[in-house]
$ cat start.txt   # compact mmCIF, C-alpha atoms
# COMPACT_ATOMS: atom_id res chain seq x y z
CA MET A 8 56.67 47.07 -7.99
CA ARG A 9 58.13 46.63 -11.48
CA LYS A 10 58.14 43.20 -13.12
CA ILE A 11 61.22 42.46 -15.20
CA TYR A 12 61.53 39.53 -17.60
CA PHE A 13 65.03 38.20 -18.29
CA PRO A 14 66.95 38.25 -20.53
CA VAL A 15 66.15 41.92 -21.24
CA LYS A 16 66.33 43.38 -24.73
CA LYS A 17 66.23 47.07 -23.80
CA PRO A 18 68.16 49.19 -21.25
CA LEU A 19 66.70 48.71 -17.77
CA GLU A 20 66.42 52.35 -16.63
CA LEU A 21 66.31 51.69 -12.91
CA LYS A 22 67.15 53.80 -9.88
CA VAL A 23 68.20 52.93 -6.35
CA MET A 24 65.45 51.75 -4.00
CA ASP A 25 63.23 50.60 -6.87
CA LYS A 26 61.37 47.46 -5.84
CA ILE A 27 61.32 44.85 -8.59
CA GLU A 28 60.10 41.32 -9.28
CA ILE A 29 62.24 39.05 -11.41
CA TYR A 30 60.80 36.65 -14.00
CA GLY A 31 62.19 34.41 -16.72
CA LYS A 32 65.59 32.83 -17.12
CA ILE A 33 68.31 33.70 -14.66
CA PHE A 34 71.88 32.50 -14.24
CA CYS A 35 73.06 31.43 -10.80
CA GLY A 36 76.70 31.29 -9.78
CA ARG A 37 79.03 32.20 -6.96
CA ASP A 38 82.60 31.99 -5.61
CA ALA A 39 83.79 28.93 -7.54
CA VAL A 40 82.29 29.48 -10.97
CA LEU A 41 82.10 33.24 -11.58
CA PRO A 42 85.90 33.73 -11.81
CA LYS A 43 85.97 30.90 -14.37
CA ILE A 44 83.25 32.50 -16.47
CA ALA A 45 84.97 35.89 -16.25
CA ARG A 46 88.29 34.37 -17.35
CA LEU A 47 86.65 32.60 -20.31
CA TYR A 48 85.10 35.90 -21.40
CA GLN A 49 88.41 37.75 -21.13
CA GLU A 50 90.13 35.06 -23.18
CA GLY A 51 87.35 35.24 -25.77
CA HIS A 52 86.24 31.66 -25.18
CA LEU A 53 82.80 32.20 -23.67
CA ASP A 54 81.18 30.79 -26.82
CA LYS A 55 82.55 27.38 -25.82
CA LEU A 56 79.89 27.26 -23.12
CA PHE A 57 77.08 28.14 -25.53
CA ILE A 58 75.76 30.82 -23.20
CA ASP A 59 74.78 34.36 -24.03
CA LEU A 60 75.24 36.87 -21.25
CA SER A 61 73.74 39.86 -23.08
CA GLY A 62 70.76 41.27 -21.21
CA SER A 63 71.16 38.62 -18.54
CA ILE A 64 70.96 38.50 -14.77
CA ILE A 65 73.30 36.61 -12.45
CA PHE A 66 72.03 35.67 -9.01
CA HIS A 67 74.87 35.14 -6.53
CA THR A 68 73.64 31.89 -5.06
CA ALA A 69 74.36 28.21 -4.84
CA VAL A 70 71.69 25.92 -6.24
CA SER A 71 71.04 22.84 -4.17
CA PRO A 72 68.25 20.69 -2.76
CA ALA A 73 68.35 23.14 0.18
CA GLY A 74 67.13 25.84 -2.19
CA ILE A 75 68.54 29.19 -3.32
CA GLY A 76 69.42 32.36 -1.44
CA PRO A 77 71.83 35.27 -1.86
CA THR A 78 75.42 34.85 -0.77
CA SER A 79 77.63 37.85 0.11
CA SER A 80 78.41 39.62 -3.16
CA ASN A 81 81.39 41.43 -1.60
CA LYS A 82 83.42 38.23 -1.35
CA LEU A 83 86.58 38.68 -3.44
CA ASP A 84 85.76 35.91 -5.94
CA ILE A 85 82.36 37.43 -6.66
CA GLU A 86 82.87 41.20 -6.50
CA SER A 87 86.00 41.08 -8.66
CA THR A 88 83.99 39.52 -11.49
CA ILE A 89 81.16 42.08 -11.48
CA PRO A 90 82.90 44.62 -13.77
CA ILE A 91 84.03 41.92 -16.22
CA LEU A 92 80.66 40.22 -16.39
CA SER A 93 78.93 43.60 -16.78
CA GLN A 94 81.17 44.25 -19.76
CA ALA A 95 80.13 40.83 -21.07
CA GLY A 96 76.50 41.92 -21.04
CA VAL A 97 75.12 41.11 -17.59
CA LYS A 98 72.54 43.79 -16.77
CA LEU A 99 71.61 42.86 -13.23
CA HIS A 100 73.69 41.31 -10.47
CA LEU A 101 71.58 39.99 -7.62
CA GLY A 102 73.03 39.24 -4.20
CA LYS A 103 73.54 40.89 -0.85
CA GLY A 104 75.91 43.20 1.02
CA SER A 105 77.60 46.47 0.08
CA LEU A 106 80.06 46.81 -2.80
CA LYS A 107 83.17 48.98 -3.24
CA GLN A 108 83.11 52.40 -4.91
CA LYS A 109 85.21 50.98 -7.77
CA THR A 110 82.52 48.37 -8.44
CA VAL A 111 79.79 51.03 -8.26
CA GLU A 112 81.62 52.98 -10.98
CA ALA A 113 82.16 49.92 -13.16
CA LEU A 114 78.44 49.07 -12.97
CA ASP A 115 77.58 52.61 -14.07
CA ASN A 116 80.10 52.41 -16.87
CA TYR A 117 78.39 49.33 -18.39
CA LYS A 118 74.82 50.44 -17.51
CA SER A 119 74.44 47.47 -15.24
CA TYR A 120 72.76 47.29 -11.82
CA PHE A 121 73.10 45.60 -8.45
CA ALA A 122 70.05 44.45 -6.50
CA VAL A 123 69.73 42.83 -3.09
CA THR A 124 67.19 40.35 -1.86
CA PRO A 125 66.46 38.94 1.58
CA PRO A 126 67.82 35.40 2.12
CA VAL A 127 64.34 33.90 2.23
CA SER A 128 65.01 30.44 0.82
CA ALA A 129 61.79 28.88 2.11
CA LEU A 130 59.79 31.55 0.25
CA PHE A 131 61.95 31.28 -2.89
CA ALA A 132 61.18 27.55 -3.02
CA SER A 133 57.76 28.29 -4.52
CA LYS A 134 59.17 30.67 -7.14
CA VAL A 135 61.52 28.33 -9.00
CA ILE A 136 59.90 26.63 -11.99
CA SER A 137 62.86 24.70 -13.37
CA GLN A 138 66.62 24.45 -13.17
CA ARG A 139 69.53 23.03 -15.17
CA VAL A 140 73.31 23.02 -14.96
CA VAL A 141 74.83 25.14 -17.71
CA ALA A 142 78.55 24.75 -17.04
CA PHE A 143 81.16 23.33 -14.67
CA PRO A 144 78.98 20.56 -13.17
CA GLU A 145 81.96 19.35 -11.12
CA GLU A 146 81.49 22.39 -8.87
CA GLY A 147 78.30 20.82 -7.52
CA MET A 148 76.06 23.42 -5.88
CA GLU A 149 78.56 26.07 -7.09
CA ALA A 150 78.20 25.15 -10.79
CA LEU A 151 76.70 27.68 -13.23
CA TYR A 152 72.95 27.07 -13.27
CA GLU A 153 70.10 28.47 -15.29
CA LEU A 154 66.79 28.75 -13.45
CA GLU A 155 63.37 29.73 -14.63
CA VAL A 156 61.76 31.83 -11.92
CA THR A 157 58.52 33.63 -11.30
CA GLY A 158 58.58 36.76 -9.19
CA LEU A 159 61.77 36.84 -7.12
CA PRO A 160 61.53 40.01 -5.02
CA ALA A 161 64.49 42.45 -4.94
CA ILE A 162 65.47 46.05 -4.30
CA ILE A 163 67.86 48.01 -6.50
CA ALA A 164 70.87 48.85 -4.35
CA ILE A 165 73.33 50.31 -6.88
CA ALA A 166 72.34 52.24 -9.98
CA ASN A 167 73.72 55.11 -12.07
CA GLY A 168 76.81 55.51 -9.91
CA GLU A 169 74.72 55.72 -6.75
CA SER A 170 74.73 53.19 -3.91
CA ILE A 171 72.33 52.89 -1.00
CA PHE A 172 75.13 51.58 1.20
CA MET B 10 67.62 2.99 29.67
CA ARG B 11 65.38 2.20 26.77
CA GLN B 12 65.38 5.80 25.64
CA PHE B 13 69.13 5.62 25.15
CA THR B 14 69.36 3.13 22.28
CA ALA B 15 71.61 4.30 19.44
CA GLU B 16 68.71 4.47 17.01
CA ARG B 17 66.58 6.62 19.30
CA ILE B 18 69.45 8.96 20.01
CA SER B 19 70.15 9.36 16.28
CA ASN B 20 66.49 10.01 15.50
CA ILE B 21 66.25 12.64 18.22
CA VAL B 22 69.42 14.40 17.04
CA ALA B 23 68.16 14.35 13.44
CA ASP B 24 64.81 15.85 14.49
CA THR B 25 66.56 18.49 16.60
CA LEU B 26 68.78 19.49 13.66
CA ILE B 27 65.75 19.82 11.39
CA LYS B 28 63.79 21.84 13.96
CA ALA B 29 66.75 24.22 14.31
CA SER B 30 66.95 24.63 10.53
CA VAL B 31 63.32 25.23 9.56
CA SER B 32 61.64 27.18 12.33
CA PHE B 33 61.81 30.31 14.48
CA ARG B 34 61.36 30.15 18.25
CA GLU B 35 58.70 32.16 20.05
CA ASP B 36 61.13 34.76 21.45
CA GLN B 37 62.45 35.31 17.93
CA ILE B 38 59.01 35.74 16.36
CA LYS B 39 58.14 38.21 19.12
CA ALA B 40 61.36 40.16 18.54
CA TYR B 41 60.55 40.47 14.83
CA GLY B 42 57.01 41.58 15.67
CA THR B 43 58.36 44.35 17.91
CA ALA B 44 60.89 45.40 15.26
CA ILE B 45 58.25 45.60 12.51
CA GLU B 46 56.09 47.82 14.71
CA ALA B 47 58.97 50.12 15.56
CA GLU B 48 60.26 50.42 12.00
CA GLU B 49 59.07 53.51 10.12
CA ASP B 50 60.77 52.86 6.80
CA SER B 51 58.48 50.89 4.46
CA LYS B 52 61.36 49.06 2.75
CA ALA B 53 62.78 48.00 6.11
CA LYS B 54 59.31 46.74 7.09
CA TRP B 55 59.12 44.88 3.76
CA VAL B 56 62.39 43.05 4.51
CA LEU B 57 61.36 42.16 8.09
CA ASN B 58 57.94 40.94 6.94
CA ASN B 59 59.64 38.78 4.31
CA ILE B 60 61.84 37.21 6.99
CA LEU B 61 58.82 36.41 9.16
CA ALA B 62 56.87 35.04 6.19
CA ASN B 63 59.90 32.91 5.36
CA ALA B 64 59.86 31.45 8.86
CA GLU B 65 56.17 30.59 8.46
CA ALA B 66 56.82 28.96 5.07
CA GLY B 67 59.78 27.08 6.56
CA GLU B 68 57.81 25.74 9.49
CA LYS B 69 54.82 24.81 7.36
CA GLY B 70 56.71 23.09 4.55
CA LYS B 71 59.64 21.86 6.68
CA LEU B 72 61.88 23.86 4.34
CA PRO B 73 65.30 25.25 5.32
CA LEU B 74 65.06 28.92 6.38
CA CYS B 75 68.19 29.63 4.37
CA ASP B 76 69.84 27.70 1.54
CA ASP B 77 73.08 27.97 3.49
CA THR B 78 71.90 25.33 5.92
CA GLY B 79 75.11 25.81 7.88
CA ILE B 80 77.69 23.76 9.72
CA PRO B 81 76.16 21.79 12.62
CA HIS B 82 77.56 22.72 16.03
CA VAL B 83 76.57 20.37 18.86
CA PHE B 84 76.50 21.65 22.42
CA LEU B 85 76.14 18.93 25.03
CA GLU B 86 75.37 19.44 28.73
CA VAL B 87 75.66 16.36 30.92
CA GLY B 88 74.33 16.11 34.47
CA ASP B 89 76.81 15.02 37.16
CA GLY B 90 74.42 12.21 37.99
CA ALA B 91 73.83 11.14 34.39
CA GLU B 92 75.54 8.32 32.61
CA LEU B 93 76.01 8.28 28.83
CA PRO B 94 75.71 4.89 27.14
CA VAL B 95 78.51 3.30 25.12
CA GLY B 96 78.38 4.64 21.57
CA PHE B 97 76.54 7.84 22.50
CA PHE B 98 78.79 10.12 20.45
CA ALA B 99 78.72 7.83 17.42
CA ALA B 100 74.91 7.89 17.61
CA VAL B 101 74.99 11.72 17.75
CA ASP B 102 77.21 11.85 14.63
CA GLU B 103 74.87 9.44 12.87
CA GLY B 104 71.91 11.62 13.86
CA ILE B 105 73.60 14.69 12.41
CA ALA B 106 74.20 12.88 9.11
CA GLN B 107 70.61 11.60 9.11
CA GLY B 108 69.25 15.09 9.82
CA LEU B 109 71.33 16.66 7.06
CA ARG B 110 70.12 14.07 4.55
CA SER B 111 66.45 14.48 5.31
CA LEU B 112 66.47 18.30 5.75
CA PRO B 113 68.06 18.26 3.09
CA GLY B 114 71.16 20.21 4.02
CA ARG B 115 73.17 21.93 1.34
CA PRO B 116 75.68 19.47 -0.12
CA MET B 117 78.79 21.43 0.75
CA ALA B 118 81.35 19.02 2.18
CA VAL B 119 84.64 19.69 0.37
CA LYS B 120 86.51 16.77 -1.24
CA GLY B 121 90.19 15.96 -1.14
CA ASP B 122 93.28 15.82 1.06
CA ASP B 123 94.35 18.66 3.35
CA ILE B 124 95.71 20.85 0.56
CA GLN B 125 92.91 20.07 -1.90
CA ARG B 126 90.30 20.88 0.73
CA MET B 127 92.01 24.14 1.62
CA ILE B 128 91.92 25.42 -1.96
CA GLN B 129 88.71 23.57 -2.91
CA SER B 130 90.26 22.08 -6.04
CA LYS B 131 88.46 18.72 -6.04
CA GLY B 132 84.87 19.89 -5.86
CA LEU B 133 82.14 18.93 -3.42
CA TYR B 134 80.36 15.78 -2.25
CA GLU B 135 76.79 15.41 -3.45
CA ASP B 136 75.68 13.76 -0.22
CA PRO B 137 74.66 16.43 2.32
CA GLY B 138 75.21 13.89 5.12
CA ILE B 139 78.99 13.82 4.60
CA LEU B 140 79.30 17.32 6.09
CA LYS B 141 81.00 16.85 9.48
CA PRO B 142 79.82 18.79 12.54
CA ALA B 143 82.25 21.15 14.28
CA PRO B 144 84.07 19.75 17.34
CA LEU B 145 81.50 19.16 20.06
CA GLN B 146 81.25 21.49 23.07
CA LEU B 147 80.73 19.95 26.49
CA ARG B 148 79.58 21.42 29.81
CA ARG B 149 78.58 20.00 33.22
CA LEU B 150 75.13 20.33 34.74
CA PRO B 151 73.87 19.46 38.21
CA GLY B 152 71.33 16.61 38.39
CA LYS B 153 70.50 13.85 35.99
CA GLN B 154 69.63 15.70 32.81
CA VAL B 155 71.38 15.41 29.47
CA LYS B 156 70.74 18.42 27.20
CA LEU B 157 71.74 18.43 23.57
CA THR B 158 71.54 21.60 21.48
CA VAL B 159 72.15 21.73 17.75
CA LEU B 160 73.15 25.11 16.32
CA MET B 161 73.44 25.57 12.55
CA TYR B 162 76.14 28.11 11.67
CA GLY B 163 75.94 29.72 8.21
CA GLY B 164 78.95 31.06 6.36
CA GLY B 165 78.16 34.78 6.02
CA PRO B 166 78.57 35.51 9.74
CA GLU B 167 81.90 33.66 9.73
CA ILE B 168 83.32 36.35 7.45
CA ARG B 169 82.09 39.13 9.76
CA GLY B 170 83.09 37.82 13.17
CA LYS B 171 86.46 37.72 14.84
CA THR B 172 88.34 36.68 17.96
CA GLN B 173 90.92 39.13 19.22
CA ARG B 174 92.53 40.69 22.28
CA VAL B 175 91.33 43.95 23.78
CA PHE B 176 93.37 46.02 26.26
CA HIS B 177 90.63 46.87 28.73
CA LYS B 178 92.33 49.64 30.78
CA HIS B 179 90.05 48.56 33.68
CA SER B 180 87.16 50.33 31.99
CA LEU B 181 83.87 48.82 30.82
CA ASP B 182 83.53 51.76 28.41
CA VAL B 183 86.74 50.74 26.64
CA ILE B 184 85.53 47.17 26.21
CA LYS B 185 82.03 48.25 25.21
CA ARG B 186 83.34 50.71 22.64
CA GLU B 187 85.44 47.95 21.07
CA MET B 188 82.48 45.54 21.00
CA ILE B 189 80.29 48.16 19.33
CA ASN B 190 82.99 48.99 16.77
CA TRP B 191 83.41 45.34 15.83
CA ALA B 192 79.65 44.97 15.53
CA LEU B 193 79.39 48.04 13.28
CA GLU B 194 82.25 46.85 11.12
CA GLY B 195 80.61 43.44 10.64
CA SER B 196 77.04 44.71 10.22
CA LYS B 197 78.01 47.06 7.39
CA LEU B 198 79.10 44.11 5.26
CA LEU B 199 76.87 41.26 6.42
CA GLY B 200 73.87 41.84 4.18
CA CYS B 201 71.55 39.43 6.01
CA LEU B 202 70.43 41.92 8.64
CA PRO B 203 69.05 42.33 11.26
CA CYS B 204 71.89 40.50 12.94
CA VAL B 205 72.31 38.96 16.35
CA LEU B 206 75.59 39.66 18.13
CA ALA B 207 77.05 36.77 20.12
CA PHE B 208 80.03 37.72 22.26
CA GLY B 209 82.21 35.40 24.33
CA ILE B 210 84.74 36.98 26.66
CA GLY B 211 87.44 34.69 28.02
CA ARG B 212 91.12 34.01 28.64
CA SER B 213 92.17 32.29 25.44
CA ASN B 214 91.03 32.44 21.84
CA VAL B 215 89.44 29.00 22.04
CA GLU B 216 87.70 29.78 25.34
CA ALA B 217 86.29 33.05 24.01
CA ALA B 218 84.99 31.38 20.85
CA SER B 219 83.44 28.58 22.89
CA LEU B 220 81.76 31.15 25.15
CA SER B 221 80.37 32.96 22.11
CA LEU B 222 78.75 29.69 21.02
CA GLU B 223 77.41 29.23 24.55
CA ALA B 224 75.95 32.76 24.42
CA MET B 225 74.15 31.79 21.21
CA LYS B 226 72.89 28.56 22.83
CA ASP B 227 71.45 30.38 25.87
CA GLY B 228 70.40 33.58 24.11
CA ASN B 229 66.77 34.69 24.34
CA PHE B 230 65.63 37.87 22.56
CA GLN B 231 63.18 38.61 25.36
CA LYS B 232 65.89 38.54 28.03
CA GLN B 233 68.43 41.26 27.45
CA ASN B 234 70.66 42.53 30.26
CA GLN B 235 71.75 46.15 30.45
CA LEU B 236 75.04 45.69 28.60
CA GLU B 237 73.37 43.65 25.87
CA GLN B 238 70.62 46.24 25.42
CA GLU B 239 73.13 49.12 25.35
CA ILE B 240 75.16 47.47 22.59
CA THR B 241 72.02 46.69 20.56
CA ASP B 242 70.75 50.27 20.91
CA GLU B 243 74.09 51.80 20.04
CA VAL B 244 74.56 49.74 16.86
CA ASN B 245 70.95 50.44 15.86
CA LYS B 246 71.74 54.15 15.74
CA SER B 247 73.83 53.39 12.64
CA ASN B 248 70.73 53.17 10.42
CA ILE B 249 72.30 50.32 8.42
CA GLY B 250 68.95 48.56 8.70
CA PRO B 251 67.45 45.29 7.48
CA LEU B 252 69.36 43.89 4.50
CA GLY B 253 71.62 46.96 4.81
CA ILE B 254 69.11 49.21 3.05
CA GLY B 255 68.46 51.57 5.96
CA GLY B 256 66.21 51.46 9.00
CA LYS B 257 66.18 51.17 12.76
CA THR B 258 66.72 47.43 13.03
CA THR B 259 70.35 46.58 12.35
CA VAL B 260 70.60 44.36 15.44
CA LEU B 261 67.72 42.24 16.73
CA GLY B 262 69.48 41.27 19.94
CA THR B 263 72.83 40.82 21.67
CA PHE B 264 73.93 37.75 23.63
CA ILE B 265 77.00 37.98 25.86
CA LYS B 266 78.70 35.25 27.88
CA VAL B 267 81.45 36.38 30.22
CA GLY B 268 83.71 33.57 31.46
CA PRO B 269 86.44 33.58 34.10
CA GLN B 270 89.09 36.19 33.36
CA ARG B 271 92.90 36.25 33.38
CA ALA B 272 94.81 38.47 35.80
CA SER B 273 95.98 40.75 33.03
CA GLY B 274 95.27 43.95 31.12
CA VAL B 275 94.05 41.86 28.21
CA ARG B 276 90.64 40.34 27.49
CA ILE B 277 89.99 37.95 24.61
CA ILE B 278 86.71 38.74 22.88
CA SER B 279 85.06 36.55 20.29
CA LEU B 280 82.19 37.89 18.22
CA ARG B 281 79.85 36.20 15.79
CA VAL B 282 77.74 38.67 13.83
CA GLY B 283 74.90 36.21 13.38
CA CYS B 284 72.51 36.61 10.45
CA CYS B 285 68.77 37.36 10.43
CA PHE B 286 67.94 33.68 11.08
CA ASP B 287 70.44 33.23 13.92
CA PRO B 288 70.43 31.54 16.25
CA ARG B 289 69.17 28.55 14.30
CA LYS B 290 69.06 26.24 17.29
CA ALA B 291 66.98 23.60 19.00
CA THR B 292 67.46 21.67 22.22
CA TYR B 293 66.41 18.21 23.35
CA THR B 294 66.54 17.23 27.03
CA TRP B 295 66.73 13.70 28.40
CA ASN B 296 65.49 13.44 32.00
CA LEU B 297 67.14 10.32 33.33
$ encode --input "start.txt" --output "structure tokens"
Amino acid sequence: MRKIYFPVKKPLELKVMDKIEIYGKIFCGRDAVLPKIARLYQEGHLDKLFIDLSGSIIFHTAVSPAGIGPTSSNKLDIESTIPILSQAGVKLHLGKGSLKQKTVEALDNYKSYFAVTPPVSALFASKVISQRVVAFPEEGMEALYELEVTGLPAIIAIANGESIF
Amino acid sequence: MRQFTAERISNIVADTLIKASVSFREDQIKAYGTAIEAEEDSKAKWVLNNILANAEAGEKGKLPLCDDTGIPHVFLEVGDGAELPVGFFAAVDEGIAQGLRSLPGRPMAVKGDDIQRMIQSKGLYEDPGILKPAPLQLRRLPGKQVKLTVLMYGGGPEIRGKTQRVFHKHSLDVIKREMINWALEGSKLLGCLPCVLAFGIGRSNVEAASLSLEAMKDGNFQKQNQLEQEITDEVNKSNIGPLGIGGKTTVLGTFIKVGPQRASGVRIISLRVGCCFDPRKATYTWNL
């Protein structure tokens, strides 16, 4: 079990089936907000949000009083942003479900990874230290959040052009 | 009929919704236990153990099993000899709202007019209680009981299920093959595995979908008929496994409800590829 603290400063060097634990600051976003972030990056306006995606992780989840838990990463709004956000510096995408070959290649191209985690929201509840909205608060539970977490469990599902699916 | 005051009905519905959302039933815990024993892959075991531990944490802390607390579906069975009081359905709706607020449910009711809701352009309500339940399902029962079941339906399985016609060619094998193919198709993409397959087989799209919900309501992992077991076993050969990372347990159980059928070469089949927490359900029975 490897412990990883985010944001990372060095390349991650992971392989599929590696079990990891996630610590530190993580971004959370899903269907509504990720396409907006991707568009801002492509238009060169990401600095307007005062966020730095380099070495970061994005957990595909809503954030609400009901807790956090992975949503399906293969939904169009989410999967289509994975290559763009990887280019923007995101090193780990955390969610669930299989991704397309094209996405597997894009991840490899930007030395980024995809991990999956079981949807165990009741267990996650004890692993969130703090949370704040970073951008697009009008999206409610689908806004971009930053969470501080301690030990979210995950398994690397896509790495180095290889997928377990 | 003291037990049938609006307030008591609402409180009972709220408690039933919460019970459905935070805990596993005995048949479900047993099914996971059996699956963990049978699983040889350590990562698959790790996922299954996490799901069981999550259910324990949920029950203990009254925490939602999943952050997608789901859309409430109410299934009501009314005895032929039972009489519902005036305002019963309003009290049920109030109980659902009350349950969602105290759970708390995920605040995911979408704002706006028809068009704005369709494209989600006006954002979401912060109040979890504004989320409306799906249209209520009603069945008759003999006797004087009134049974109310709340099922919480998460969004992932909605992407993986479907309702469609099958040309049966008077062969169970043809129908079974189709059911297995749909299940494989959905399981590959679901993520939150092991899944539970709920099939309804009827004469119209709405009847089949309603029967699928009824299958979920009645389903018990410890009671599998031959067809249900065959479908489970066949899909489990796929090695998709818990969380889709490989293993023997892709399906935890299959629930099938076959309704009356149309004189025709066509059957309408509705499938929900339920997630690893499905069915999130609880029932309350009034004995009048």
$ closest_residue --input "start.txt" --among "B:Phe97, B:Phe208, B:Phe286, B:Phe13" --to "chain A" --atoms "only C-alpha atoms"
B:Phe286
$ interface_residues --input "start.txt" --of "chain A" --to "chain B" --cutoff "6 Å" --atoms "only C-alpha atoms" --output "JSON, numbers by chain"
{"A": [71, 73, 74, 75, 76, 103, 104, 105, 127, 128, 129, 130, 146, 147]}
$ residues_around --input "start.txt" --residues "B:Phe84" --least-positions-apart "5" --cutoff "10 Å" --atoms "all atoms listed in the file" --output "ChimeraX atom specification"
/B:143-148,156-160,219,222-223,226,292
$ atom_distance --input "start.txt" --atom1 "atom CA of A:Phe143" --atom2 "atom CA of B:Pro81"
27.8 Å
$ closest_residue --input "start.txt" --among "B:Ala15, B:Ala217, B:Met225, B:Ile240" --to "B:Gly283" --atoms "all atoms listed in the file"
B:Met225
$ atom_distance --input "start.txt" --atom1 "atom CA of B:Pro269" --atom2 "atom CA of B:Ser221"
13.5 Å
$ residues_around --input "start.txt" --residues "B:Pro151" --least-positions-apart "5" --cutoff "9 Å" --atoms "only C-alpha atoms" --output "PyMOL selection string"
chain B and resi 87-90
$ closest_residue --input "start.txt" --among "A:Ala142, A:Ile85, A:Ala166, A:Cys35" --to "A:Ala69" --atoms "only C-alpha atoms"
A:Cys35
$ residues_around --input "start.txt" --residues "stretch 78-84 of chain A" --least-positions-apart "4" --cutoff "6 Å" --atoms "only C-alpha atoms" --output "short mmCIF file (atom, residue, chain, number, x, y, z; two decimals) with C-alpha atoms, keeping the file's coordinate frame"
data_model
loop_
_atom_site.label_atom_id
_atom_site.label_comp_id
_atom_site.auth_asym_id
_atom_site.auth_seq_id
_atom_site.Cartn_x
_atom_site.Cartn_y
_atom_site.Cartn_z
CA ASP A 38 82.60 31.99 -5.61
CA HIS A 67 74.87 35.14 -6.53
CA THR A 68 73.64 31.89 -5.06
CA GLY A 102 73.03 39.24 -4.20
CA LYS A 103 73.54 40.89 -0.85
CA GLY A 104 75.91 43.20 1.02
CA LEU A 106 80.06 46.81 -2.80
#
$ atom_distance --input "start.txt" --atom1 "atom CA of B:Ser279" --atom2 "atom CA of B:Asn245"
20.3 Å
$ closest_residue --input "start.txt" --among "A:Arg37, A:Lys16, A:Lys22, A:Lys134" --to "A:Ser61" --atoms "all atoms listed in the file"
A:Lys16
$ residues_around --input "start.txt" --residues "A:Gln49" --least-positions-apart "2" --cutoff "10 Å" --atoms "only C-alpha atoms" --output "JSON, numbers by chain"
{"A": [43, 44, 45, 46, 47, 51, 52, 53, 91, 92, 94, 95]}
$ write_last_selection --input "start.txt" --atoms "C-alpha atoms" --output "PDB file, in the frame of the given file"
ATOM      1  CA  LYS A  43      85.970  30.900 -14.370  1.00  0.00           C
ATOM      2  CA  ILE A  44      83.250  32.500 -16.470  1.00  0.00           C
ATOM      3  CA  ALA A  45      84.970  35.890 -16.250  1.00  0.00           C
ATOM      4  CA  ARG A  46      88.290  34.370 -17.350  1.00  0.00           C
ATOM      5  CA  LEU A  47      86.650  32.600 -20.310  1.00  0.00           C
ATOM      6  CA  GLY A  51      87.350  35.240 -25.770  1.00  0.00           C
ATOM      7  CA  HIS A  52      86.240  31.660 -25.180  1.00  0.00           C
ATOM      8  CA  LEU A  53      82.800  32.200 -23.670  1.00  0.00           C
ATOM      9  CA  ILE A  91      84.030  41.920 -16.220  1.00  0.00           C
ATOM     10  CA  LEU A  92      80.660  40.220 -16.390  1.00  0.00           C
ATOM     11  CA  GLN A  94      81.170  44.250 -19.760  1.00  0.00           C
ATOM     12  CA  ALA A  95      80.130  40.830 -21.070  1.00  0.00           C
TER      13      ALA A  95
END
$ closest_residue --input "start.txt" --among "A:Leu159, A:Ser170, A:Leu151, A:Glu112" --to "A:Met8" --atoms "only C-alpha atoms"
A:Leu159
$ residues_around --input "start.txt" --residues "A:Ser137" --least-positions-apart "3" --cutoff "10 Å" --atoms "only C-alpha atoms" --output "list of chain:residue names"
A:Lys32, A:Lys134, A:Glu153, A:Leu154, A:Glu155, A:Val156
$ axis_aligned_box --input "start.txt" --around "stretch 16-27 of chain A" --padding-each-side "5 Å" --output "lines of an AutoDock Vina configuration file"
center_x = 64.8
center_y = 48.6
center_z = -14.4
size_x = 16.9
size_y = 20.4
size_z = 30.7
$ closest_residue --input "start.txt" --among "B:Leu26, B:Val215, B:Ala291, B:Ala192" --to "B:Glu243" --atoms "all atoms listed in the file"
B:Ala192
$ decode --input "start.txt" --residues "stretch 129-136 of chain A" --atoms "N, CA and C atoms" --output "mmCIF file, in the first residue's frame"
data_model
loop_
_atom_site.group_PDB
_atom_site.id
_atom_site.type_symbol
_atom_site.label_atom_id
_atom_site.label_comp_id
_atom_site.auth_asym_id
_atom_site.auth_seq_id
_atom_site.Cartn_x
_atom_site.Cartn_y
_atom_site.Cartn_z
ATOM 1 N N ALA A 129 -19.967 5.886 3.499
ATOM 2 C CA ALA A 129 -20.010 5.874 4.960
ATOM 3 C C ALA A 129 -18.597 5.754 5.531
ATOM 4 N N LEU A 130 -17.735 4.987 4.857
ATOM 5 C CA LEU A 130 -16.336 4.868 5.296
ATOM 6 C C LEU A 130 -15.545 6.139 4.999
ATOM 7 N N PHE A 131 -15.806 6.739 3.827
ATOM 8 C CA PHE A 131 -15.099 7.973 3.453
ATOM 9 C C PHE A 131 -15.371 9.092 4.459
ATOM 10 N N ALA A 132 -16.554 9.043 5.084
ATOM 11 C CA ALA A 132 -16.969 10.141 5.965
ATOM 12 C C ALA A 132 -15.900 10.448 7.012
ATOM 13 N N SER A 133 -15.188 9.398 7.463
ATOM 14 C CA SER A 133 -14.188 9.618 8.513
ATOM 15 C C SER A 133 -12.837 10.061 7.932
ATOM 16 N N LYS A 134 -12.733 10.148 6.625
ATOM 17 C CA LYS A 134 -11.436 10.453 6.009
ATOM 18 C C LYS A 134 -11.343 11.861 5.421
ATOM 19 N N VAL A 135 -12.421 12.627 5.575
ATOM 20 C CA VAL A 135 -12.417 14.004 5.070
ATOM 21 C C VAL A 135 -12.171 14.953 6.233
ATOM 22 N N ILE A 136 -11.088 15.747 6.118
ATOM 23 C CA ILE A 136 -10.725 16.653 7.216
ATOM 24 C C ILE A 136 -11.410 18.007 7.037
#
